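Undergrad: Please see the structure below; I have some questions.
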Amino acid sequence: MSNLTIALAQIKTKLGDVQANLEKHLAYIEQATSQGAQLVCFPELSLTGYVLQDLTSTVAHKATADDPIFKPLLEASHKTDLMVGFVDEDDRHRFYIAAAYLSKGETIHVHHKVYLPTYGMFDEGRFFAWGDHIRAFDTQWGRVGMLICEDFWHASPPYLLWIDGADILLMHSASPSRGLDEHDKMDSSRWVEHINQAYSSLFTNFVVHTNKVGFEDGLNFWGGSTVFDPNGNLIAQSPQFEESLTLATIDLNQLHRTRARLPILRDERTSLVMKEMSRILKMNNEQSSISPHY
Amino acid sequence: MNNLQFRLTINTELARKILVSFIHDEVTRVGLKNAVVGLSGGIDSALSCALAVEALGAENVLAIRMPYKTSAAASMNDAQLLIDQLKVESKVVEITAMVDPLFAQFPDADSKRKGNAMARARMIVLFDQSVAFNGLVIGTGNKTEILLGYSTIFGDAASALNPLGDLYKTQVRQLARALNIPSPIIDKAPSADLWVGQTDEGELGFSYEEVDRLLYLLVDQRYTRDEAIAAGFGIPFVDTVIKRIKQNQFKRMPPLIAKLSNRTIGYDFLYLRDWGT
């Protein structure tokens with residue numbers, strides 16, 4: 001079994017209305033599974049909307065079977081694997097931007113966003129706690145890693161997942177359009193597409209990106225969700241700006257073929273990375289030029 | 001000057017798509033389907049109106065002309081060209097009878113006060129008509145005039161949503177051409193038409209072409225004053241523009257609230273307007 005059919009559920013969300021967003025999730029899951037999807041991916045904060053500000057603490061949930069929002073999603077995960085976005089509240093009441101991977105009635109993995117953009121138009125660090133883990137995890141389709149938007153604007157989280165065994169990177173975003181010039185796509189869209197394609201090429205991995213659409217006040221989210229294969233080729237792309245369900249079937253044996261040709265993973269020298277990283281951080285510590293925080 | 005520094009050319013198809021969706025989305029999410037636009041005969045309001053028609057349909061957009069007794073006849077005629085082209089609902093509401101009684105009490109009022117009162121009388125008409133027409137008021141202020149403060153607060157600066165607020169004047173022109181706005185409207189000298197012979201560029205003392213390039217560096221590219229001067233702009237021009245941007249910040253903000261409680265609107269009561277929609 002080497003084919004996996006992925007559905008990119010590029011949805012609009014209702015800001016702060018988790019119940020309404022849940023219903024949309026279930027409708028998309030229904031539609032996707034009727035078309036043969038085996039994994040349905042939703043955007044960042046797909047259950048809540050993105051610019052939550054003071055709504056943050058009121059929309060938080062836990063990815064457990066006794067949670068009223070996750071119960072129906074976990075039931076739906078018997079039909080297809082799911083990646084959903086939500087606000088996770090931990091036992092000590094810290095709130096995280098989170099992605100959950102659900103399969104066969106279980107929560108397989110929860111990722112907390114580790115990079116919270118708090119600059120320019122973004123204010124995540126004001127409302128959310130910083131995630132502290134980057135981990136790949138096993139699924140029925142192989143080893144997978146999940147990252148949320150700004151996480152993959154930094155090169156290290158995708159790299160760590162790759163080294164941790166992830167052959168499929170599942171990225172998702174609530175990426176607002178910005179940077180209008182003469183191009184037919186906004187700066188932000190072009191940038192995200194470039195780096196997703198770059199990761200698939202550099203890591204000889206599948207890279208799936210699901211972005212949201214619609215408006216929140218004057219911010220518009222550009223969609224344009226993508227699937228890139230281990231050769232860096234675009235397998236599927238959702239339309240810009242439109243709510244849509246895009247199905248893409250990937251051939252997992254492509255990993256075998258690409259890595260036979262291009263053994264970048266085989267030759268990656270992680271010990272060298274560690275050695276040099278230790279030296280650089282030690283040196284920087286002594287010079288205090290970069291604070292090795294977080 | 002290096003022309004590559006100034007990325008003011010926009011992809012008009014992309015801008016059109018986003019702004020049309022913006023109007024449609026923000027009007028319909030509050031349960032409405034209509035919009036009201038004040039048509040001055042100028043390019044900004046023509047473009048806002050055309051975008052609203054594309055978003056909502058001509059039958060759902062009410063274009064209102066609001067002449068004062070000194071308004072140029074050409075303004076009315078140019079607005080009519082657009083109304084005919086878009087086949088949009090339209091109305092004429094004279095504001096002379098609203099404005100003149102006020103200044104009968106203050107005969108010494110200067111043209112600035114009178115201009116502000118006209119802009120605010122138009123605001124009253126638009127918001128009143130928006131209730132009667134069951135729609136939202138679509139704004140017409142562009143990024144250049146918002147940054148320079150070339151508008152009347154609570155007057156022409158007032159609206160429910162503004163599709164043009166992140167487009168410089170020269171970008172408004174590009175988009176207006178793409179939407180086939182009648183050429184007399186695009187080609188004439190921009191004017192607030194508050195008194196006879198007034199033109200924006202005459203009053204401001206520089207052209208939109210010139211100031212958009214400077215604003216693009218100062219605002220979009222975060223150039224410092226000295227970097228802008230090094231890029232080739234004259235010192236007095238740069239200083240004038242920076243001063244205008246700072247002095248007019250008040251027009252871009254809601255009224256200040258003095259903080260007293262633990263949770264104060266505007267400081268730590270933070271929700272988008274689209275909350276729950």
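Chain labels follow the order of the structure tokens: the first chain is A, the next B, and so on; residue numbering restarts at 1 in every chain, and ligands are counted from 1 in their shown order.
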For a quick test of understanding: name the residues of chain B lying within 7 Å of chain A when counting only C-alpha atoms, and present them as a list of chain:residue names.
TA: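 Listed by rising number, the hits are B:Arg7, B:Leu8, B:Thr9, B:Ile10, B:Asn11, B:Leu14, B:Phe22, B:Phe269, B:Leu270, B:Tyr271, B:Leu272, B:Arg273, B:Asp274, B:Trp275, B:Gly276, B:Thr277.
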Undergrad: Export, as a tab-separated table (two decimals), in the first residue's frame, the selected residues with N, CA, C and O atoms.
TA:
```tsv
chain	number	residue	atom	x	y	z
B	7	ARG	N	8.24	50.28	-5.58
B	7	ARG	CA	7.40	49.19	-6.08
B	7	ARG	C	5.93	49.60	-5.97
B	7	ARG	O	5.17	49.03	-5.21
B	8	LEU	N	5.57	50.62	-6.72
B	8	LEU	CA	4.20	51.14	-6.63
B	8	LEU	C	3.28	50.57	-7.70
B	8	LEU	O	2.08	50.82	-7.69
B	9	THR	N	3.85	49.78	-8.62
B	9	THR	CA	3.00	49.15	-9.63
B	9	THR	C	2.31	47.95	-9.00
B	9	THR	O	2.97	47.11	-8.38
B	10	ILE	N	1.00	47.90	-9.14
B	10	ILE	CA	0.28	46.78	-8.52
B	10	ILE	C	-0.33	45.87	-9.58
B	10	ILE	O	-0.64	46.31	-10.68
B	11	ASN	N	-0.49	44.63	-9.20
B	11	ASN	CA	-1.24	43.70	-10.03
B	11	ASN	C	-2.72	44.00	-9.80
B	11	ASN	O	-3.28	43.69	-8.75
B	14	LEU	N	-5.25	41.12	-8.99
B	14	LEU	CA	-5.15	40.61	-7.63
B	14	LEU	C	-5.80	41.58	-6.64
B	14	LEU	O	-6.58	41.18	-5.77
B	22	PHE	N	-13.45	41.45	-0.14
B	22	PHE	CA	-13.47	42.17	1.15
B	22	PHE	C	-14.84	42.83	1.36
B	22	PHE	O	-15.48	42.66	2.40
B	269	PHE	N	-9.22	45.42	26.21
B	269	PHE	CA	-10.49	44.79	25.85
B	269	PHE	C	-10.38	44.59	24.35
B	269	PHE	O	-10.74	45.45	23.56
B	270	LEU	N	-9.78	43.45	23.96
B	270	LEU	CA	-9.29	43.32	22.60
B	270	LEU	C	-10.05	42.26	21.82
B	270	LEU	O	-9.89	41.06	22.04
B	271	TYR	N	-10.85	42.72	20.90
B	271	TYR	CA	-11.61	41.83	20.01
B	271	TYR	C	-11.66	42.48	18.64
B	271	TYR	O	-11.77	43.70	18.53
B	272	LEU	N	-11.61	41.67	17.61
B	272	LEU	CA	-11.83	42.21	16.27
B	272	LEU	C	-13.30	42.61	16.12
B	272	LEU	O	-14.16	42.15	16.85
B	273	ARG	N	-13.55	43.45	15.14
B	273	ARG	CA	-14.93	43.80	14.85
B	273	ARG	C	-15.70	42.57	14.34
B	273	ARG	O	-16.90	42.47	14.52
B	274	ASP	N	-14.98	41.67	13.69
B	274	ASP	CA	-15.64	40.48	13.12
B	274	ASP	C	-15.90	39.38	14.14
B	274	ASP	O	-16.29	38.26	13.77
B	275	TRP	N	-15.68	39.68	15.39
B	275	TRP	CA	-15.94	38.78	16.52
B	275	TRP	C	-17.27	38.03	16.32
B	275	TRP	O	-18.32	38.66	16.16
B	276	GLY	N	-17.19	36.73	16.31
B	276	GLY	CA	-18.40	35.90	16.26
B	276	GLY	C	-19.06	35.80	14.89
B	276	GLY	O	-20.17	35.28	14.77
B	277	THR	N	-18.39	36.32	13.86
B	277	THR	CA	-19.01	36.24	12.51
B	277	THR	C	-18.07	35.54	11.52
B	277	THR	O	-16.92	35.43	11.76
```
Undergrad: Within 9 Å of A:His172, counting only C-alpha atoms, which residues show up once you throw out same-chain ones fewer than 6 positions away? Write them as a list in words, please.
TA: Cys41, Phe42, Pro43, Glu44, Gly85, Ala99, Met146, Leu147, Ile148, Cys149, Val208, His209, Thr210, Asn211, Lys212 and Ser225 of chain A
Undergrad: Find the spatial neighbours of stretch 165-181 of chain B, counting only C-alpha atoms, within a cut-off of 6 Å - ignore same-chain residues fewer than 6 positions away - and output them as a compact mmCIF listing (two decimals) with C-alpha atoms, in the first residue's frame.
TA:
```
# COMPACT_ATOMS: atom_id res chain seq x y z
CA THR B 12 -4.70 45.13 -10.56
CA LEU B 47 -13.44 53.28 -7.75
CA GLY B 141 -10.12 57.48 1.45
CA ASN B 142 -6.83 56.33 -0.07
CA LYS B 143 -3.56 55.63 1.76
CA THR B 144 -1.94 58.86 0.56
```
Undergrad: Identify which of the residues B:Asp220, B:Glu227, B:Glu201, B:Glu145 lies closest to B:Leu164, counting only C-alpha atoms when measuring atom-to-atom distances.
TA: B:Glu145
Undergrad: Under the rule that only C-alpha atoms are counted, which of A:Glu268, A:Glu193, A:Asp123, A:Asp90 is the nearest residue to A:Leu160?
TA: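 Distance minimum relative to A:Leu160 lands on A:Glu268.
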Undergrad: Based on DSSP run over this structure's backbone, return all residues of stretch 32-207 of chain B in helix (DSSP H, G or I), as an mmCIF file with N, CA and C atoms, in the first residue's frame.
TA:
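Result file follows (states-v1.cif):
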```cif
data_model
loop_
_atom_site.group_PDB
_atom_site.id
_atom_site.type_symbol
_atom_site.label_atom_id
_atom_site.label_comp_id
_atom_site.auth_asym_id
_atom_site.auth_seq_id
_atom_site.Cartn_x
_atom_site.Cartn_y
_atom_site.Cartn_z
ATOM 1 N N ILE B 43 -12.039 60.278 -8.626
ATOM 2 C CA ILE B 43 -11.587 58.919 -8.927
ATOM 3 C C ILE B 43 -11.769 57.965 -7.741
ATOM 4 N N ASP B 44 -11.537 58.459 -6.513
ATOM 5 C CA ASP B 44 -11.586 57.556 -5.360
ATOM 6 C C ASP B 44 -13.002 57.003 -5.158
ATOM 7 N N SER B 45 -13.972 57.895 -5.122
ATOM 8 C CA SER B 45 -15.337 57.417 -4.886
ATOM 9 C C SER B 45 -15.851 56.618 -6.078
ATOM 10 N N ALA B 46 -15.375 56.958 -7.280
ATOM 11 C CA ALA B 46 -15.774 56.179 -8.455
ATOM 12 C C ALA B 46 -15.268 54.745 -8.327
ATOM 13 N N LEU B 47 -14.026 54.617 -7.874
ATOM 14 C CA LEU B 47 -13.439 53.280 -7.749
ATOM 15 C C LEU B 47 -14.135 52.484 -6.635
ATOM 16 N N SER B 48 -14.367 53.125 -5.494
ATOM 17 C CA SER B 48 -15.068 52.426 -4.406
ATOM 18 C C SER B 48 -16.434 51.940 -4.872
ATOM 19 N N CYS B 49 -17.120 52.800 -5.606
ATOM 20 C CA CYS B 49 -18.454 52.453 -6.090
ATOM 21 C C CYS B 49 -18.382 51.276 -7.066
ATOM 22 N N ALA B 50 -17.418 51.303 -7.971
ATOM 23 C CA ALA B 50 -17.287 50.218 -8.946
ATOM 24 C C ALA B 50 -16.958 48.897 -8.255
ATOM 25 N N LEU B 51 -16.110 48.954 -7.250
ATOM 26 C CA LEU B 51 -15.765 47.729 -6.503
ATOM 27 C C LEU B 51 -16.988 47.206 -5.753
ATOM 28 N N ALA B 52 -17.771 48.131 -5.172
ATOM 29 C CA ALA B 52 -18.967 47.720 -4.434
ATOM 30 C C ALA B 52 -19.988 47.079 -5.372
ATOM 31 N N VAL B 53 -20.123 47.642 -6.571
ATOM 32 C CA VAL B 53 -21.059 47.075 -7.550
ATOM 33 C C VAL B 53 -20.616 45.669 -7.952
ATOM 34 N N GLU B 54 -19.309 45.513 -8.145
ATOM 35 C CA GLU B 54 -18.819 44.179 -8.502
ATOM 36 C C GLU B 54 -19.045 43.184 -7.356
ATOM 37 N N ALA B 55 -18.950 43.684 -6.134
ATOM 38 C CA ALA B 55 -19.092 42.798 -4.973
ATOM 39 C C ALA B 55 -20.547 42.447 -4.685
ATOM 40 N N LEU B 56 -21.433 43.419 -4.857
ATOM 41 C CA LEU B 56 -22.800 43.259 -4.337
ATOM 42 C C LEU B 56 -23.879 43.299 -5.417
ATOM 43 N N ALA B 58 -25.297 45.822 -8.930
ATOM 44 C CA ALA B 58 -25.676 47.229 -9.090
ATOM 45 C C ALA B 58 -26.939 47.575 -8.316
ATOM 46 N N GLU B 59 -27.864 46.616 -8.242
ATOM 47 C CA GLU B 59 -29.137 46.910 -7.575
ATOM 48 C C GLU B 59 -28.973 47.027 -6.064
ATOM 49 N N ASN B 60 -27.828 46.594 -5.544
ATOM 50 C CA ASN B 60 -27.607 46.639 -4.094
ATOM 51 C C ASN B 60 -26.680 47.758 -3.654
ATOM 52 N N ALA B 73 -20.184 72.024 -11.561
ATOM 53 C CA ALA B 73 -21.161 71.261 -12.348
ATOM 54 C C ALA B 73 -20.494 70.033 -12.955
ATOM 55 N N ALA B 74 -19.212 70.170 -13.273
ATOM 56 C CA ALA B 74 -18.479 69.047 -13.874
ATOM 57 C C ALA B 74 -18.447 67.850 -12.930
ATOM 58 N N SER B 75 -18.411 68.106 -11.623
ATOM 59 C CA SER B 75 -18.369 66.998 -10.658
ATOM 60 C C SER B 75 -19.643 66.169 -10.763
ATOM 61 N N MET B 76 -20.785 66.866 -10.827
ATOM 62 C CA MET B 76 -22.078 66.176 -10.960
ATOM 63 C C MET B 76 -22.127 65.378 -12.261
ATOM 64 N N ASN B 77 -21.631 65.991 -13.322
ATOM 65 C CA ASN B 77 -21.685 65.328 -14.629
ATOM 66 C C ASN B 77 -20.772 64.108 -14.687
ATOM 67 N N ASP B 78 -19.587 64.250 -14.104
ATOM 68 C CA ASP B 78 -18.659 63.112 -14.099
ATOM 69 C C ASP B 78 -19.242 61.954 -13.290
ATOM 70 N N ALA B 79 -19.855 62.284 -12.140
ATOM 71 C CA ALA B 79 -20.474 61.231 -11.335
ATOM 72 C C ALA B 79 -21.598 60.554 -12.132
ATOM 73 N N GLN B 80 -22.319 61.364 -12.926
ATOM 74 C CA GLN B 80 -23.404 60.790 -13.737
ATOM 75 C C GLN B 80 -22.870 59.783 -14.761
ATOM 76 N N LEU B 81 -21.690 60.084 -15.319
ATOM 77 C CA LEU B 81 -21.074 59.147 -16.270
ATOM 78 C C LEU B 81 -20.910 57.770 -15.630
ATOM 79 N N LEU B 82 -20.452 57.795 -14.383
ATOM 80 C CA LEU B 82 -20.204 56.535 -13.681
ATOM 81 C C LEU B 82 -21.515 55.826 -13.357
ATOM 82 N N ILE B 83 -22.487 56.608 -12.907
ATOM 83 C CA ILE B 83 -23.802 56.029 -12.580
ATOM 84 C C ILE B 83 -24.388 55.343 -13.814
ATOM 85 N N ASP B 84 -24.284 56.023 -14.956
ATOM 86 C CA ASP B 84 -24.811 55.448 -16.198
ATOM 87 C C ASP B 84 -24.058 54.173 -16.572
ATOM 88 N N GLN B 85 -22.747 54.237 -16.415
ATOM 89 C CA GLN B 85 -21.933 53.077 -16.802
ATOM 90 C C GLN B 85 -22.220 51.871 -15.911
ATOM 91 N N LEU B 86 -22.322 52.121 -14.602
ATOM 92 C CA LEU B 86 -22.495 51.000 -13.665
ATOM 93 C C LEU B 86 -23.964 50.588 -13.515
ATOM 94 N N THR B 96 -26.605 72.105 0.747
ATOM 95 C CA THR B 96 -26.574 73.557 1.004
ATOM 96 C C THR B 96 -27.493 73.945 2.165
ATOM 97 N N ALA B 97 -28.688 73.354 2.154
ATOM 98 C CA ALA B 97 -29.663 73.705 3.195
ATOM 99 C C ALA B 97 -29.294 73.135 4.559
ATOM 100 N N MET B 98 -28.336 72.199 4.590
ATOM 101 C CA MET B 98 -27.847 71.696 5.874
ATOM 102 C C MET B 98 -26.717 72.570 6.410
ATOM 103 N N VAL B 99 -25.869 73.038 5.504
ATOM 104 C CA VAL B 99 -24.634 73.713 5.911
ATOM 105 C C VAL B 99 -24.853 75.209 6.150
ATOM 106 N N ASP B 100 -25.594 75.859 5.270
ATOM 107 C CA ASP B 100 -25.711 77.324 5.327
ATOM 108 C C ASP B 100 -26.314 77.856 6.625
ATOM 109 N N PRO B 101 -27.347 77.186 7.171
ATOM 110 C CA PRO B 101 -27.897 77.719 8.435
ATOM 111 C C PRO B 101 -26.861 77.781 9.555
ATOM 112 N N LEU B 102 -25.940 76.842 9.589
ATOM 113 C CA LEU B 102 -24.888 76.860 10.615
ATOM 114 C C LEU B 102 -24.035 78.120 10.476
ATOM 115 N N PHE B 103 -23.630 78.401 9.236
ATOM 116 C CA PHE B 103 -22.724 79.532 9.046
ATOM 117 C C PHE B 103 -23.464 80.868 8.971
ATOM 118 N N ALA B 104 -24.794 80.816 8.909
ATOM 119 C CA ALA B 104 -25.560 82.060 9.094
ATOM 120 C C ALA B 104 -25.330 82.562 10.527
ATOM 121 N N GLN B 105 -25.096 81.608 11.428
ATOM 122 C CA GLN B 105 -24.802 81.988 12.823
ATOM 123 C C GLN B 105 -23.345 82.395 13.017
ATOM 124 N N SER B 111 -12.893 79.189 5.115
ATOM 125 C CA SER B 111 -13.224 78.119 4.168
ATOM 126 C C SER B 111 -12.896 76.740 4.752
ATOM 127 N N LYS B 112 -11.941 76.684 5.667
ATOM 128 C CA LYS B 112 -11.604 75.408 6.282
ATOM 129 C C LYS B 112 -12.788 74.889 7.115
ATOM 130 N N ARG B 113 -13.353 75.786 7.919
ATOM 131 C CA ARG B 113 -14.515 75.383 8.721
ATOM 132 C C ARG B 113 -15.679 74.987 7.820
ATOM 133 N N LYS B 114 -15.865 75.759 6.787
ATOM 134 C CA LYS B 114 -16.985 75.444 5.884
ATOM 135 C C LYS B 114 -16.769 74.114 5.163
ATOM 136 N N GLY B 115 -15.527 73.901 4.733
ATOM 137 C CA GLY B 115 -15.200 72.634 4.059
ATOM 138 C C GLY B 115 -15.435 71.459 4.988
ATOM 139 N N ASN B 116 -14.990 71.583 6.234
ATOM 140 C CA ASN B 116 -15.213 70.510 7.209
ATOM 141 C C ASN B 116 -16.698 70.254 7.421
ATOM 142 N N ALA B 117 -17.470 71.324 7.519
ATOM 143 C CA ALA B 117 -18.914 71.169 7.741
ATOM 144 C C ALA B 117 -19.571 70.480 6.545
ATOM 145 N N MET B 118 -19.123 70.808 5.350
ATOM 146 C CA MET B 118 -19.675 70.131 4.156
ATOM 147 C C MET B 118 -19.356 68.639 4.196
ATOM 148 N N ALA B 119 -18.106 68.332 4.535
ATOM 149 C CA ALA B 119 -17.721 66.914 4.585
ATOM 150 C C ALA B 119 -18.554 66.180 5.639
ATOM 151 N N ARG B 120 -18.832 66.872 6.753
ATOM 152 C CA ARG B 120 -19.607 66.216 7.829
ATOM 153 C C ARG B 120 -21.093 66.160 7.489
ATOM 154 N N ALA B 121 -21.575 67.132 6.761
ATOM 155 C CA ALA B 121 -22.976 67.066 6.318
ATOM 156 C C ALA B 121 -23.154 65.857 5.392
ATOM 157 N N ARG B 122 -22.169 65.637 4.554
ATOM 158 C CA ARG B 122 -22.240 64.479 3.635
ATOM 159 C C ARG B 122 -22.209 63.175 4.430
ATOM 160 N N MET B 123 -21.390 63.176 5.486
ATOM 161 C CA MET B 123 -21.336 61.986 6.341
ATOM 162 C C MET B 123 -22.720 61.712 6.947
ATOM 163 N N ILE B 124 -23.395 62.781 7.399
ATOM 164 C CA ILE B 124 -24.728 62.602 7.995
ATOM 165 C C ILE B 124 -25.689 61.997 6.967
ATOM 166 N N VAL B 125 -25.626 62.529 5.752
ATOM 167 C CA VAL B 125 -26.511 62.020 4.690
ATOM 168 C C VAL B 125 -26.227 60.543 4.415
ATOM 169 N N LEU B 126 -24.944 60.224 4.285
ATOM 170 C CA LEU B 126 -24.586 58.832 3.938
ATOM 171 C C LEU B 126 -25.017 57.853 5.019
ATOM 172 N N PHE B 127 -24.742 58.198 6.276
ATOM 173 C CA PHE B 127 -25.109 57.261 7.342
ATOM 174 C C PHE B 127 -26.627 57.181 7.504
ATOM 175 N N ASP B 128 -27.314 58.296 7.286
ATOM 176 C CA ASP B 128 -28.777 58.244 7.326
ATOM 177 C C ASP B 128 -29.319 57.374 6.188
ATOM 178 N N GLN B 129 -28.803 57.590 4.986
ATOM 179 C CA GLN B 129 -29.274 56.803 3.841
ATOM 180 C C GLN B 129 -28.916 55.328 3.997
ATOM 181 N N SER B 130 -27.812 55.054 4.685
ATOM 182 C CA SER B 130 -27.410 53.650 4.852
ATOM 183 C C SER B 130 -28.435 52.905 5.697
ATOM 184 N N VAL B 131 -29.080 53.606 6.620
ATOM 185 C CA VAL B 131 -30.136 52.969 7.410
ATOM 186 C C VAL B 131 -31.370 52.759 6.532
ATOM 187 N N ALA B 132 -31.729 53.812 5.789
ATOM 188 C CA ALA B 132 -32.908 53.706 4.923
ATOM 189 C C ALA B 132 -32.717 52.613 3.864
ATOM 190 N N LYS B 143 -4.669 55.661 0.807
ATOM 191 C CA LYS B 143 -3.555 55.632 1.764
ATOM 192 C C LYS B 143 -2.800 56.964 1.785
ATOM 193 N N THR B 144 -2.670 57.589 0.626
ATOM 194 C CA THR B 144 -1.944 58.861 0.558
ATOM 195 C C THR B 144 -2.647 59.908 1.415
ATOM 196 N N GLU B 145 -3.963 60.048 1.228
ATOM 197 C CA GLU B 145 -4.649 61.110 1.976
ATOM 198 C C GLU B 145 -4.785 60.750 3.452
ATOM 199 N N ILE B 146 -4.898 59.465 3.763
ATOM 200 C CA ILE B 146 -4.968 59.082 5.177
ATOM 201 C C ILE B 146 -3.636 59.418 5.864
ATOM 202 N N LEU B 147 -2.522 59.113 5.198
ATOM 203 C CA LEU B 147 -1.214 59.406 5.802
ATOM 204 C C LEU B 147 -0.970 60.904 5.927
ATOM 205 N N LEU B 148 -1.398 61.654 4.914
ATOM 206 C CA LEU B 148 -1.159 63.106 4.950
ATOM 207 C C LEU B 148 -2.218 63.832 5.776
ATOM 208 N N LYS B 169 -2.570 56.916 -3.915
ATOM 209 C CA LYS B 169 -3.346 57.562 -4.997
ATOM 210 C C LYS B 169 -2.930 57.051 -6.376
ATOM 211 N N THR B 170 -1.639 56.912 -6.599
ATOM 212 C CA THR B 170 -1.191 56.459 -7.925
ATOM 213 C C THR B 170 -1.610 55.004 -8.177
ATOM 214 N N GLN B 171 -1.793 54.237 -7.096
ATOM 215 C CA GLN B 171 -2.284 52.861 -7.250
ATOM 216 C C GLN B 171 -3.801 52.847 -7.480
ATOM 217 N N VAL B 172 -4.488 53.814 -6.863
ATOM 218 C CA VAL B 172 -5.916 53.981 -7.135
ATOM 219 C C VAL B 172 -6.116 54.213 -8.637
ATOM 220 N N ARG B 173 -5.239 55.028 -9.212
ATOM 221 C CA ARG B 173 -5.355 55.310 -10.656
ATOM 222 C C ARG B 173 -5.178 54.038 -11.480
ATOM 223 N N GLN B 174 -4.203 53.214 -11.101
ATOM 224 C CA GLN B 174 -3.990 51.962 -11.846
ATOM 225 C C GLN B 174 -5.232 51.072 -11.783
ATOM 226 N N LEU B 175 -5.778 50.954 -10.565
ATOM 227 C CA LEU B 175 -6.937 50.068 -10.400
ATOM 228 C C LEU B 175 -8.167 50.656 -11.097
ATOM 229 N N ALA B 176 -8.298 51.985 -11.062
ATOM 230 C CA ALA B 176 -9.435 52.636 -11.724
ATOM 231 C C ALA B 176 -9.396 52.367 -13.225
ATOM 232 N N ARG B 177 -8.200 52.403 -13.788
ATOM 233 C CA ARG B 177 -8.073 52.098 -15.226
ATOM 234 C C ARG B 177 -8.490 50.657 -15.501
ATOM 235 N N ALA B 178 -8.058 49.764 -14.644
ATOM 236 C CA ALA B 178 -8.379 48.345 -14.845
ATOM 237 C C ALA B 178 -9.886 48.095 -14.744
ATOM 238 N N SER B 183 -12.768 57.848 -18.424
ATOM 239 C CA SER B 183 -11.488 58.556 -18.429
ATOM 240 C C SER B 183 -11.558 60.011 -17.961
ATOM 241 N N PRO B 184 -12.680 60.759 -18.185
ATOM 242 C CA PRO B 184 -12.688 62.125 -17.626
ATOM 243 C C PRO B 184 -12.473 62.129 -16.108
ATOM 244 N N ILE B 185 -12.959 61.080 -15.440
ATOM 245 C CA ILE B 185 -12.808 61.001 -13.986
ATOM 246 C C ILE B 185 -11.359 60.696 -13.609
ATOM 247 N N ILE B 186 -10.725 59.823 -14.397
ATOM 248 C CA ILE B 186 -9.331 59.447 -14.093
ATOM 249 C C ILE B 186 -8.382 60.589 -14.435
ATOM 250 N N ASP B 187 -8.671 61.291 -15.526
ATOM 251 C CA ASP B 187 -7.690 62.243 -16.056
ATOM 252 C C ASP B 187 -7.718 63.620 -15.406
ATOM 253 N N ASP B 200 -6.286 69.308 -5.068
ATOM 254 C CA ASP B 200 -5.490 68.665 -4.018
ATOM 255 C C ASP B 200 -4.026 69.069 -4.124
ATOM 256 N N GLU B 201 -3.506 68.933 -5.349
ATOM 257 C CA GLU B 201 -2.071 69.112 -5.519
ATOM 258 C C GLU B 201 -1.672 70.568 -5.314
ATOM 259 N N GLY B 202 -2.595 71.497 -5.685
ATOM 260 C CA GLY B 202 -2.346 72.921 -5.431
ATOM 261 C C GLY B 202 -2.299 73.194 -3.935
ATOM 262 N N GLU B 203 -3.222 72.599 -3.224
ATOM 263 C CA GLU B 203 -3.320 72.849 -1.791
ATOM 264 C C GLU B 203 -2.179 72.179 -1.025
ATOM 265 N N LEU B 204 -1.854 70.959 -1.425
ATOM 266 C CA LEU B 204 -0.786 70.228 -0.728
ATOM 267 C C LEU B 204 0.591 70.795 -1.052
#
```
Undergrad: Work out how far atom CA of B:Asn162 is from atom CA of B:Arg263, in Å to one decimal.
TA: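 So the two atoms, atom CA of B:Arg263 and atom CA of B:Asn162, lie 28.9 Å apart.
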Undergrad: Can you tell me how far atom CA of A:Asp164 sits from atom CA of A:Ala9, in Å to one decimal?
TA: 26.8 Å
Undergrad: Stretch 54-237 of chain B: which residues are strand (DSSP E) by DSSP, as a PyMOL selection string?
TA: chain B and resi 61-65+89-92+135-137
Undergrad: If you count only C-alpha atoms, which residues fall within 12 Å of A:Ala155, apart from same-chain ones fewer than 5 positions away, as a list in words?
TA: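 What passes the distance filter is Tyr115, Leu147, Cys149, Glu150, Leu160, Leu161, Trp162, Ile195, Asn196, Ala198, Tyr199, Leu202 and Phe203 of chain A.
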Undergrad: For B:Ser40, which of B:Ile153, B:Val241, B:Val20, B:Leu194 is the closest residue, counting only C-alpha atoms?
TA: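 For B:Ser40, the nearest of the candidates is B:Leu194.
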Undergrad: From the list A:Gly36, A:Pro176, A:Pro239, A:Pro263, which residue is nearest A:Thr204 when using only C-alpha atoms?
TA: A:Pro263
Undergrad: Could you work out how far atom CA of B:Gly41 lies from atom CA of B:Val211, giving the answer in Å with one decimal?
TA: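 Answer for the atom CA of B:Val211 to atom CA of B:Gly41 separation: 22.9 Å.
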Undergrad: Near B:Ala157, counting only C-alpha atoms, which residues have an atom at most 8 Å away, once you skip same-chain residues fewer than 2 positions from it, shown as a list in words?
TA: Gly139, Thr140, Gly141, Ser151, Thr152, Ile153, Phe154, Gly155 and Ser159 of chain B
